[in-house]
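For reference, structure.cif (mmCIF, N, CA and C atoms and all ligand atoms):
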data_data
loop_
_atom_site.label_atom_id
_atom_site.label_comp_id
_atom_site.auth_asym_id
_atom_site.auth_seq_id
_atom_site.Cartn_x
_atom_site.Cartn_y
_atom_site.Cartn_z
N MET A 29 -16.52 -30.77 -37.61
CA MET A 29 -15.84 -31.92 -38.23
C MET A 29 -16.84 -32.77 -39.01
N LEU A 30 -16.33 -33.33 -40.09
CA LEU A 30 -17.17 -34.24 -40.89
C LEU A 30 -17.03 -35.64 -40.32
N GLU A 31 -18.14 -36.21 -39.94
CA GLU A 31 -18.08 -37.55 -39.39
C GLU A 31 -18.82 -38.52 -40.30
N TRP A 32 -18.15 -39.59 -40.64
CA TRP A 32 -18.75 -40.57 -41.55
C TRP A 32 -19.84 -41.35 -40.83
N SER A 33 -20.93 -41.59 -41.52
CA SER A 33 -21.91 -42.53 -40.99
C SER A 33 -22.55 -43.24 -42.17
N ASN A 34 -23.29 -44.27 -41.85
CA ASN A 34 -23.88 -45.11 -42.88
C ASN A 34 -24.79 -44.39 -43.85
N ARG A 35 -25.38 -43.29 -43.38
CA ARG A 35 -26.31 -42.61 -44.29
C ARG A 35 -25.59 -42.02 -45.51
N PHE A 36 -24.26 -41.93 -45.43
CA PHE A 36 -23.50 -41.42 -46.59
C PHE A 36 -23.15 -42.53 -47.58
N ALA A 37 -23.31 -43.78 -47.16
CA ALA A 37 -22.87 -44.90 -47.99
C ALA A 37 -23.68 -45.01 -49.28
N THR A 38 -22.97 -45.22 -50.39
CA THR A 38 -23.65 -45.42 -51.68
C THR A 38 -23.78 -46.92 -51.97
N GLY A 39 -23.05 -47.73 -51.22
CA GLY A 39 -23.06 -49.16 -51.48
C GLY A 39 -22.02 -49.60 -52.49
N ILE A 40 -21.31 -48.63 -53.06
CA ILE A 40 -20.23 -48.96 -54.01
C ILE A 40 -18.92 -48.72 -53.24
N ALA A 41 -18.22 -49.81 -52.94
CA ALA A 41 -17.09 -49.74 -52.01
C ALA A 41 -16.03 -48.72 -52.43
N GLU A 42 -15.69 -48.72 -53.70
CA GLU A 42 -14.63 -47.81 -54.16
C GLU A 42 -15.02 -46.35 -53.94
N ILE A 43 -16.27 -46.04 -54.22
CA ILE A 43 -16.76 -44.67 -54.05
C ILE A 43 -16.85 -44.31 -52.56
N ASP A 44 -17.34 -45.24 -51.76
CA ASP A 44 -17.45 -44.98 -50.31
C ASP A 44 -16.07 -44.77 -49.68
N ASP A 45 -15.10 -45.56 -50.10
CA ASP A 45 -13.73 -45.37 -49.59
C ASP A 45 -13.21 -43.98 -49.93
N GLN A 46 -13.46 -43.56 -51.16
CA GLN A 46 -12.98 -42.23 -51.57
C GLN A 46 -13.71 -41.13 -50.82
N HIS A 47 -14.99 -41.30 -50.60
CA HIS A 47 -15.72 -40.30 -49.81
C HIS A 47 -15.15 -40.19 -48.40
N GLN A 48 -14.78 -41.32 -47.83
CA GLN A 48 -14.21 -41.28 -46.48
C GLN A 48 -12.88 -40.55 -46.46
N GLU A 49 -12.09 -40.78 -47.50
CA GLU A 49 -10.81 -40.05 -47.60
C GLU A 49 -11.07 -38.54 -47.78
N LEU A 50 -12.08 -38.19 -48.55
CA LEU A 50 -12.43 -36.77 -48.70
C LEU A 50 -12.81 -36.17 -47.35
N PHE A 51 -13.56 -36.90 -46.57
CA PHE A 51 -13.94 -36.42 -45.24
C PHE A 51 -12.68 -36.17 -44.39
N ARG A 52 -11.75 -37.13 -44.42
CA ARG A 52 -10.51 -36.98 -43.64
C ARG A 52 -9.74 -35.74 -44.07
N GLN A 53 -9.67 -35.52 -45.39
CA GLN A 53 -8.90 -34.37 -45.89
C GLN A 53 -9.59 -33.05 -45.56
N VAL A 54 -10.90 -33.02 -45.64
CA VAL A 54 -11.62 -31.79 -45.28
C VAL A 54 -11.44 -31.53 -43.78
N ASN A 55 -11.40 -32.58 -42.98
CA ASN A 55 -11.15 -32.40 -41.55
C ASN A 55 -9.75 -31.85 -41.28
N ARG A 56 -8.77 -32.31 -42.06
CA ARG A 56 -7.41 -31.75 -41.94
C ARG A 56 -7.43 -30.25 -42.26
N LEU A 57 -8.19 -29.93 -43.30
CA LEU A 57 -8.29 -28.53 -43.69
C LEU A 57 -8.95 -27.70 -42.59
N LEU A 58 -10.01 -28.22 -42.01
CA LEU A 58 -10.69 -27.49 -40.93
C LEU A 58 -9.74 -27.27 -39.76
N GLU A 59 -8.95 -28.28 -39.48
CA GLU A 59 -8.00 -28.16 -38.38
C GLU A 59 -6.96 -27.07 -38.67
N ALA A 60 -6.43 -27.11 -39.90
CA ALA A 60 -5.43 -26.11 -40.28
C ALA A 60 -6.03 -24.70 -40.25
N CYS A 61 -7.29 -24.59 -40.62
CA CYS A 61 -7.95 -23.28 -40.64
C CYS A 61 -8.17 -22.74 -39.24
N SER A 62 -8.27 -23.62 -38.28
CA SER A 62 -8.58 -23.16 -36.93
C SER A 62 -7.30 -22.86 -36.14
N GLN A 63 -6.15 -23.21 -36.70
CA GLN A 63 -4.90 -22.98 -35.98
C GLN A 63 -4.07 -21.88 -36.64
N GLY A 64 -3.51 -21.05 -35.83
CA GLY A 64 -2.67 -19.97 -36.34
C GLY A 64 -1.49 -20.50 -37.12
N THR A 65 -1.02 -21.70 -36.76
CA THR A 65 0.12 -22.31 -37.44
C THR A 65 -0.28 -22.96 -38.76
N GLY A 66 -1.56 -22.92 -39.07
CA GLY A 66 -2.06 -23.64 -40.24
C GLY A 66 -1.76 -22.99 -41.57
N LYS A 67 -1.37 -21.73 -41.58
CA LYS A 67 -1.20 -21.02 -42.85
C LYS A 67 -0.24 -21.73 -43.81
N ALA A 68 0.88 -22.20 -43.24
CA ALA A 68 1.88 -22.86 -44.07
C ALA A 68 1.36 -24.18 -44.63
N LEU A 69 0.38 -24.76 -43.95
CA LEU A 69 -0.14 -26.06 -44.39
C LEU A 69 -1.21 -25.94 -45.47
N LEU A 70 -1.81 -24.76 -45.56
CA LEU A 70 -2.97 -24.63 -46.46
C LEU A 70 -2.68 -25.02 -47.91
N PRO A 71 -1.56 -24.54 -48.52
CA PRO A 71 -1.34 -24.91 -49.93
C PRO A 71 -1.25 -26.42 -50.14
N GLU A 72 -0.56 -27.08 -49.24
CA GLU A 72 -0.38 -28.53 -49.38
C GLU A 72 -1.73 -29.25 -49.24
N ILE A 73 -2.51 -28.85 -48.27
CA ILE A 73 -3.81 -29.49 -48.06
C ILE A 73 -4.75 -29.21 -49.23
N PHE A 74 -4.78 -27.95 -49.68
CA PHE A 74 -5.63 -27.61 -50.82
C PHE A 74 -5.18 -28.36 -52.08
N ASP A 75 -3.86 -28.49 -52.28
CA ASP A 75 -3.35 -29.23 -53.44
C ASP A 75 -3.88 -30.65 -53.44
N PHE A 76 -3.66 -31.30 -52.30
CA PHE A 76 -4.07 -32.70 -52.20
C PHE A 76 -5.58 -32.84 -52.40
N LEU A 77 -6.31 -32.01 -51.69
CA LEU A 77 -7.77 -32.07 -51.73
C LEU A 77 -8.30 -31.82 -53.15
N GLY A 78 -7.74 -30.84 -53.82
CA GLY A 78 -8.18 -30.51 -55.18
C GLY A 78 -7.93 -31.67 -56.14
N LYS A 79 -6.72 -32.24 -56.06
CA LYS A 79 -6.39 -33.36 -56.95
C LYS A 79 -7.25 -34.58 -56.61
N TYR A 80 -7.41 -34.80 -55.33
CA TYR A 80 -8.17 -35.98 -54.91
C TYR A 80 -9.63 -35.87 -55.35
N ALA A 81 -10.18 -34.67 -55.22
CA ALA A 81 -11.58 -34.46 -55.61
C ALA A 81 -11.75 -34.70 -57.11
N VAL A 82 -10.82 -34.20 -57.91
CA VAL A 82 -10.91 -34.38 -59.36
C VAL A 82 -10.83 -35.86 -59.72
N GLU A 83 -9.91 -36.59 -59.08
CA GLU A 83 -9.79 -38.03 -59.33
C GLU A 83 -11.05 -38.77 -58.90
N HIS A 84 -11.55 -38.35 -57.76
CA HIS A 84 -12.77 -38.99 -57.24
C HIS A 84 -13.96 -38.78 -58.18
N PHE A 85 -14.13 -37.56 -58.66
CA PHE A 85 -15.25 -37.29 -59.57
C PHE A 85 -15.09 -38.13 -60.84
N ALA A 86 -13.85 -38.27 -61.31
CA ALA A 86 -13.60 -39.09 -62.50
C ALA A 86 -14.00 -40.54 -62.23
N THR A 87 -13.73 -41.03 -61.03
CA THR A 87 -14.13 -42.40 -60.68
C THR A 87 -15.64 -42.55 -60.77
N GLU A 88 -16.36 -41.61 -60.14
CA GLU A 88 -17.83 -41.68 -60.19
C GLU A 88 -18.33 -41.61 -61.63
N GLU A 89 -17.74 -40.73 -62.41
CA GLU A 89 -18.20 -40.55 -63.79
C GLU A 89 -17.92 -41.80 -64.63
N ARG A 90 -16.81 -42.48 -64.33
CA ARG A 90 -16.51 -43.74 -65.02
C ARG A 90 -17.58 -44.79 -64.72
N TYR A 91 -17.97 -44.89 -63.47
CA TYR A 91 -19.04 -45.83 -63.10
C TYR A 91 -20.33 -45.48 -63.84
N MET A 92 -20.67 -44.19 -63.82
CA MET A 92 -21.93 -43.77 -64.43
C MET A 92 -21.93 -44.04 -65.93
N GLU A 93 -20.76 -43.83 -66.54
CA GLU A 93 -20.63 -44.06 -67.98
C GLU A 93 -20.76 -45.55 -68.30
N ARG A 94 -20.03 -46.34 -67.52
CA ARG A 94 -19.98 -47.78 -67.77
C ARG A 94 -21.37 -48.41 -67.69
N TYR A 95 -22.19 -47.94 -66.75
CA TYR A 95 -23.49 -48.56 -66.55
C TYR A 95 -24.64 -47.75 -67.15
N GLY A 96 -24.29 -46.74 -67.96
CA GLY A 96 -25.33 -46.01 -68.68
C GLY A 96 -26.28 -45.22 -67.80
N TYR A 97 -25.75 -44.56 -66.80
CA TYR A 97 -26.59 -43.78 -65.89
C TYR A 97 -27.23 -42.60 -66.63
N PRO A 98 -28.56 -42.50 -66.59
CA PRO A 98 -29.22 -41.45 -67.38
C PRO A 98 -28.94 -40.02 -66.90
N GLU A 99 -28.56 -39.85 -65.62
CA GLU A 99 -28.32 -38.50 -65.09
C GLU A 99 -26.85 -38.09 -65.16
N LEU A 100 -26.07 -38.82 -65.92
CA LEU A 100 -24.62 -38.54 -65.97
C LEU A 100 -24.29 -37.09 -66.32
N ALA A 101 -24.92 -36.56 -67.36
CA ALA A 101 -24.57 -35.21 -67.83
C ALA A 101 -24.79 -34.18 -66.73
N GLU A 102 -25.93 -34.28 -66.05
CA GLU A 102 -26.25 -33.35 -64.98
C GLU A 102 -25.27 -33.51 -63.81
N HIS A 103 -24.99 -34.75 -63.47
CA HIS A 103 -24.08 -35.03 -62.35
C HIS A 103 -22.68 -34.49 -62.65
N ARG A 104 -22.24 -34.69 -63.90
CA ARG A 104 -20.91 -34.21 -64.28
C ARG A 104 -20.84 -32.69 -64.22
N LYS A 105 -21.92 -32.05 -64.63
CA LYS A 105 -21.96 -30.59 -64.60
C LYS A 105 -21.81 -30.07 -63.17
N VAL A 106 -22.48 -30.73 -62.24
CA VAL A 106 -22.40 -30.34 -60.83
C VAL A 106 -20.97 -30.52 -60.30
N HIS A 107 -20.32 -31.60 -60.70
CA HIS A 107 -18.92 -31.81 -60.31
C HIS A 107 -18.04 -30.67 -60.84
N GLN A 108 -18.25 -30.33 -62.12
CA GLN A 108 -17.41 -29.28 -62.73
C GLN A 108 -17.62 -27.93 -62.05
N GLU A 109 -18.88 -27.65 -61.72
CA GLU A 109 -19.16 -26.39 -61.02
C GLU A 109 -18.46 -26.36 -59.66
N PHE A 110 -18.47 -27.50 -58.99
CA PHE A 110 -17.83 -27.55 -57.69
C PHE A 110 -16.32 -27.32 -57.81
N VAL A 111 -15.69 -27.90 -58.82
CA VAL A 111 -14.25 -27.71 -59.00
C VAL A 111 -13.93 -26.23 -59.19
N ARG A 112 -14.75 -25.55 -59.96
CA ARG A 112 -14.56 -24.09 -60.14
C ARG A 112 -14.71 -23.34 -58.81
N THR A 113 -15.75 -23.67 -58.08
CA THR A 113 -15.98 -23.04 -56.78
C THR A 113 -14.80 -23.29 -55.83
N PHE A 114 -14.34 -24.54 -55.85
CA PHE A 114 -13.21 -24.92 -54.98
C PHE A 114 -11.98 -24.08 -55.29
N LEU A 115 -11.66 -23.92 -56.58
CA LEU A 115 -10.45 -23.18 -56.95
C LEU A 115 -10.54 -21.71 -56.55
N GLN A 116 -11.71 -21.14 -56.74
CA GLN A 116 -11.92 -19.75 -56.31
C GLN A 116 -11.79 -19.62 -54.80
N PHE A 117 -12.40 -20.57 -54.13
CA PHE A 117 -12.37 -20.54 -52.67
C PHE A 117 -10.94 -20.69 -52.16
N ARG A 118 -10.18 -21.57 -52.79
CA ARG A 118 -8.80 -21.79 -52.39
C ARG A 118 -7.99 -20.49 -52.42
N GLN A 119 -8.12 -19.78 -53.53
CA GLN A 119 -7.39 -18.52 -53.68
C GLN A 119 -7.70 -17.56 -52.55
N GLN A 120 -8.98 -17.44 -52.32
CA GLN A 120 -9.46 -16.53 -51.29
C GLN A 120 -8.99 -16.98 -49.90
N ALA A 121 -9.05 -18.28 -49.66
CA ALA A 121 -8.68 -18.82 -48.34
C ALA A 121 -7.20 -18.65 -48.06
N GLU A 122 -6.37 -18.87 -49.10
CA GLU A 122 -4.93 -18.76 -48.88
C GLU A 122 -4.52 -17.31 -48.67
N ALA A 123 -5.22 -16.40 -49.35
CA ALA A 123 -4.91 -14.99 -49.18
C ALA A 123 -5.29 -14.53 -47.77
N GLN A 124 -6.38 -15.06 -47.32
CA GLN A 124 -6.93 -14.64 -46.03
C GLN A 124 -6.23 -15.28 -44.84
N GLY A 125 -5.84 -16.56 -44.98
CA GLY A 125 -5.18 -17.27 -43.90
C GLY A 125 -6.16 -17.80 -42.87
N PRO A 126 -5.63 -18.62 -41.94
CA PRO A 126 -6.48 -19.27 -40.94
C PRO A 126 -7.23 -18.28 -40.06
N GLY A 127 -8.29 -18.76 -39.46
CA GLY A 127 -9.08 -17.94 -38.56
C GLY A 127 -10.48 -18.48 -38.46
N VAL A 128 -11.21 -17.94 -37.49
CA VAL A 128 -12.57 -18.45 -37.24
C VAL A 128 -13.44 -18.31 -38.49
N HIS A 129 -13.33 -17.15 -39.18
CA HIS A 129 -14.25 -17.04 -40.31
C HIS A 129 -13.88 -17.92 -41.48
N LEU A 130 -12.61 -18.33 -41.56
CA LEU A 130 -12.26 -19.31 -42.60
C LEU A 130 -12.89 -20.67 -42.28
N VAL A 131 -12.90 -21.01 -41.01
CA VAL A 131 -13.56 -22.26 -40.60
C VAL A 131 -15.04 -22.21 -41.01
N VAL A 132 -15.66 -21.07 -40.74
CA VAL A 132 -17.08 -20.91 -41.09
C VAL A 132 -17.28 -21.07 -42.60
N GLN A 133 -16.36 -20.45 -43.37
CA GLN A 133 -16.50 -20.52 -44.83
C GLN A 133 -16.24 -21.93 -45.38
N VAL A 134 -15.27 -22.63 -44.81
CA VAL A 134 -15.02 -24.00 -45.25
C VAL A 134 -16.27 -24.84 -44.98
N ASN A 135 -16.87 -24.62 -43.83
CA ASN A 135 -18.10 -25.35 -43.52
C ASN A 135 -19.20 -25.03 -44.51
N ARG A 136 -19.30 -23.76 -44.84
CA ARG A 136 -20.38 -23.34 -45.72
C ARG A 136 -20.14 -23.78 -47.17
N VAL A 137 -18.90 -23.60 -47.66
CA VAL A 137 -18.63 -23.84 -49.07
C VAL A 137 -18.29 -25.31 -49.37
N LEU A 138 -17.48 -25.94 -48.52
CA LEU A 138 -17.04 -27.30 -48.83
C LEU A 138 -17.84 -28.37 -48.09
N VAL A 139 -17.96 -28.22 -46.78
CA VAL A 139 -18.62 -29.26 -45.98
C VAL A 139 -20.09 -29.41 -46.37
N ASP A 140 -20.80 -28.31 -46.44
CA ASP A 140 -22.22 -28.39 -46.78
C ASP A 140 -22.43 -28.96 -48.17
N TRP A 141 -21.60 -28.52 -49.11
CA TRP A 141 -21.74 -29.05 -50.48
C TRP A 141 -21.53 -30.56 -50.49
N LEU A 142 -20.45 -30.99 -49.85
CA LEU A 142 -20.08 -32.41 -49.87
C LEU A 142 -21.18 -33.27 -49.25
N LYS A 143 -21.66 -32.87 -48.09
CA LYS A 143 -22.72 -33.64 -47.42
C LYS A 143 -23.96 -33.72 -48.30
N ASN A 144 -24.37 -32.55 -48.76
CA ASN A 144 -25.56 -32.45 -49.58
C ASN A 144 -25.45 -33.27 -50.86
N HIS A 145 -24.29 -33.18 -51.50
CA HIS A 145 -24.08 -33.88 -52.76
C HIS A 145 -24.10 -35.40 -52.54
N ILE A 146 -23.43 -35.84 -51.49
CA ILE A 146 -23.37 -37.28 -51.23
C ILE A 146 -24.76 -37.80 -50.84
N LEU A 147 -25.46 -37.01 -50.03
CA LEU A 147 -26.78 -37.47 -49.55
C LEU A 147 -27.83 -37.47 -50.65
N LYS A 148 -27.68 -36.60 -51.64
CA LYS A 148 -28.69 -36.56 -52.70
C LYS A 148 -28.20 -37.22 -53.98
N MET A 149 -27.36 -36.52 -54.73
CA MET A 149 -26.99 -37.03 -56.06
C MET A 149 -26.23 -38.36 -56.01
N ASP A 150 -25.31 -38.48 -55.05
CA ASP A 150 -24.52 -39.72 -55.01
C ASP A 150 -25.35 -40.90 -54.52
N GLN A 151 -26.31 -40.62 -53.64
CA GLN A 151 -27.20 -41.71 -53.20
C GLN A 151 -28.02 -42.22 -54.37
N GLU A 152 -28.52 -41.32 -55.18
CA GLU A 152 -29.32 -41.74 -56.34
C GLU A 152 -28.48 -42.53 -57.32
N MET A 153 -27.27 -42.04 -57.54
CA MET A 153 -26.34 -42.76 -58.40
C MET A 153 -26.07 -44.15 -57.82
N GLY A 154 -25.85 -44.22 -56.51
CA GLY A 154 -25.56 -45.50 -55.85
C GLY A 154 -26.68 -46.51 -56.03
N LYS A 155 -27.92 -46.03 -55.88
CA LYS A 155 -29.07 -46.93 -56.05
C LYS A 155 -29.07 -47.52 -57.45
N PHE A 156 -28.86 -46.65 -58.41
CA PHE A 156 -28.86 -47.10 -59.81
C PHE A 156 -27.71 -48.10 -60.05
N LEU A 157 -26.54 -47.77 -59.57
CA LEU A 157 -25.38 -48.63 -59.80
C LEU A 157 -25.55 -49.99 -59.13
N GLN A 158 -26.12 -49.98 -57.94
CA GLN A 158 -26.34 -51.27 -57.26
C GLN A 158 -27.27 -52.16 -58.05
N GLN A 159 -28.34 -51.57 -58.59
CA GLN A 159 -29.26 -52.34 -59.44
C GLN A 159 -28.53 -52.86 -60.67
N ALA A 160 -27.76 -51.97 -61.30
CA ALA A 160 -27.06 -52.34 -62.54
C ALA A 160 -26.03 -53.45 -62.27
N LEU A 161 -25.41 -53.41 -61.10
CA LEU A 161 -24.38 -54.40 -60.78
C LEU A 161 -24.98 -55.78 -60.49
N LYS A 162 -26.25 -55.80 -60.11
CA LYS A 162 -26.92 -57.07 -59.82
C LYS A 162 -27.19 -57.87 -61.10
N LYS A 163 -27.33 -57.11 -62.22
CA LYS A 163 -27.74 -57.79 -63.47
C LYS A 163 -26.61 -58.62 -64.07
FE FE B 201 -20.86 -37.09 -57.19
#
Please go through the file and, once you have read it, give me the structure as structure tokens.
Ligand SMILES: [Fe+2]
Amino acid sequence: MLEWSNRFATGIAEIDDQHQELFRQVNRLLEACSQGTGKALLPEIFDFLGKYAVEHFATEERYMERYGYPELAEHRKVHQEFVRTFLQFRQQAEAQGPGVHLVVQVNRVLVDWLKNHILKMDQEMGKFLQQALKK
């Protein structure tokens, strides 16, 4: 399970709220993947998660654009790559259905990416935005 803690905070409330919602949705997905009854839930959870992630990335990119973040292009590219990975993974996951190895794959493909991205790229973005917001 993804558990929120302060080390994930960027200091930008809107972004932190969205990250927490992403954690909740990924946890719903993990739960559905671990239950035999989860197969019917997968499309709905993936739909929501996919749309939410796209909206969330747009929020971050709006902040970066507004405050002239120098790493915007690179950050946006990483978001786009993740969306592609997510869509491929979704297809594969829905075809395969719930089970232990789907849980393992969700952890590997989605959970690890999300943690890593928030702890590195989003933290750097957060530092910059906090400075910019002070001015
Ligand atoms: Fe990001």
Residues at most 6 Å from region 154-160 of chain A, counting all atoms listed in the file, excluding those fewer than 4 positions away in the same chain, as a PyMOL selection string?
chain A and resi 38-40+149-150
At a cut-off of 10 Å around ligand FE 201 (chain B), and using only C-alpha atoms and all ligand atoms, what residues come up? Please write them as a PyMOL selection string.
chain A and resi 43+47+81+84-89+92+100+103-107+142+145-154
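Between Gln116 (chain A) and the residues A:Leu58, A:Val137, A:Ala68, A:Ile73, the shortest atom-to-atom distance, using only C-alpha atoms, involves A:Val137.
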Enumerate, as a PyMOL selection string, the complete set of residues in region 35-139 of chain A that a backbone-based DSSP assignment places in alpha helix (DSSP H).
chain A and resi 41-62+70-94+100-124+128-134
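The smallest atom-to-atom distance between Glu122 (chain A) and any of A:Lys67, A:Lys163, A:Arg90, A:Arg136, using only N, CA and C atoms, is found for A:Lys67.
If you look at atom C of Leu69 (chain A) and atom C of Trp32 (chain A), they are 24.6 Å away from each other.
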Atom pair atom C of Tyr80 (chain A) + atom N of Gln48 (chain A), distance 10.6 Å
Restricting the calculation to only N, CA and C atoms: of A:Arg118, A:Lys143, A:Gly96, A:Val134, which residue gets closest to Phe74 (chain A)?
A:Arg118
Could you work out an axis-aligned box for region 44-63 of chain A, taking every atom the file lists and adding 8 Å on each side, and report centre and edge lengths in Å to one decimal, as AutoDock Vina command-line options?
--center_x -10.8 --center_y -33.7 --center_z -43.9 --size_x 29.4 --size_y 39.7 --size_z 31.8
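All residues of protein, DNA or RNA that reach within 10 Å of Gln133 (chain A), judged by only C-alpha atoms and not counting those fewer than 3 positions away in the chain, are Leu58, Cys61, Phe117, Ala121, Val128, His129, Leu130, Arg136, Val137, Leu138, Val139 and Asp140 of chain A.
Interatomic distance, atom N of Pro126 (chain A) to atom N of Leu30 (chain A): 18.3 Å.
Comparing A:Leu77, A:Pro71, A:Tyr91, A:Gln124 by their smallest distance to Ala41 (chain A), the closest is A:Tyr91 (using only C-alpha atoms).
Using all atoms listed in the file for every distance, the candidate list A:Phe51, A:Asp44, A:Thr113, A:Lys162 yields A:Phe51 as the residue closest to Met29 (chain A).
You can rank A:Glu59, A:Gly64, A:Glu93, A:Gln53 by their closest distance to Phe76 (chain A) using all atoms listed in the file, and at the top of that list sits A:Gln53.
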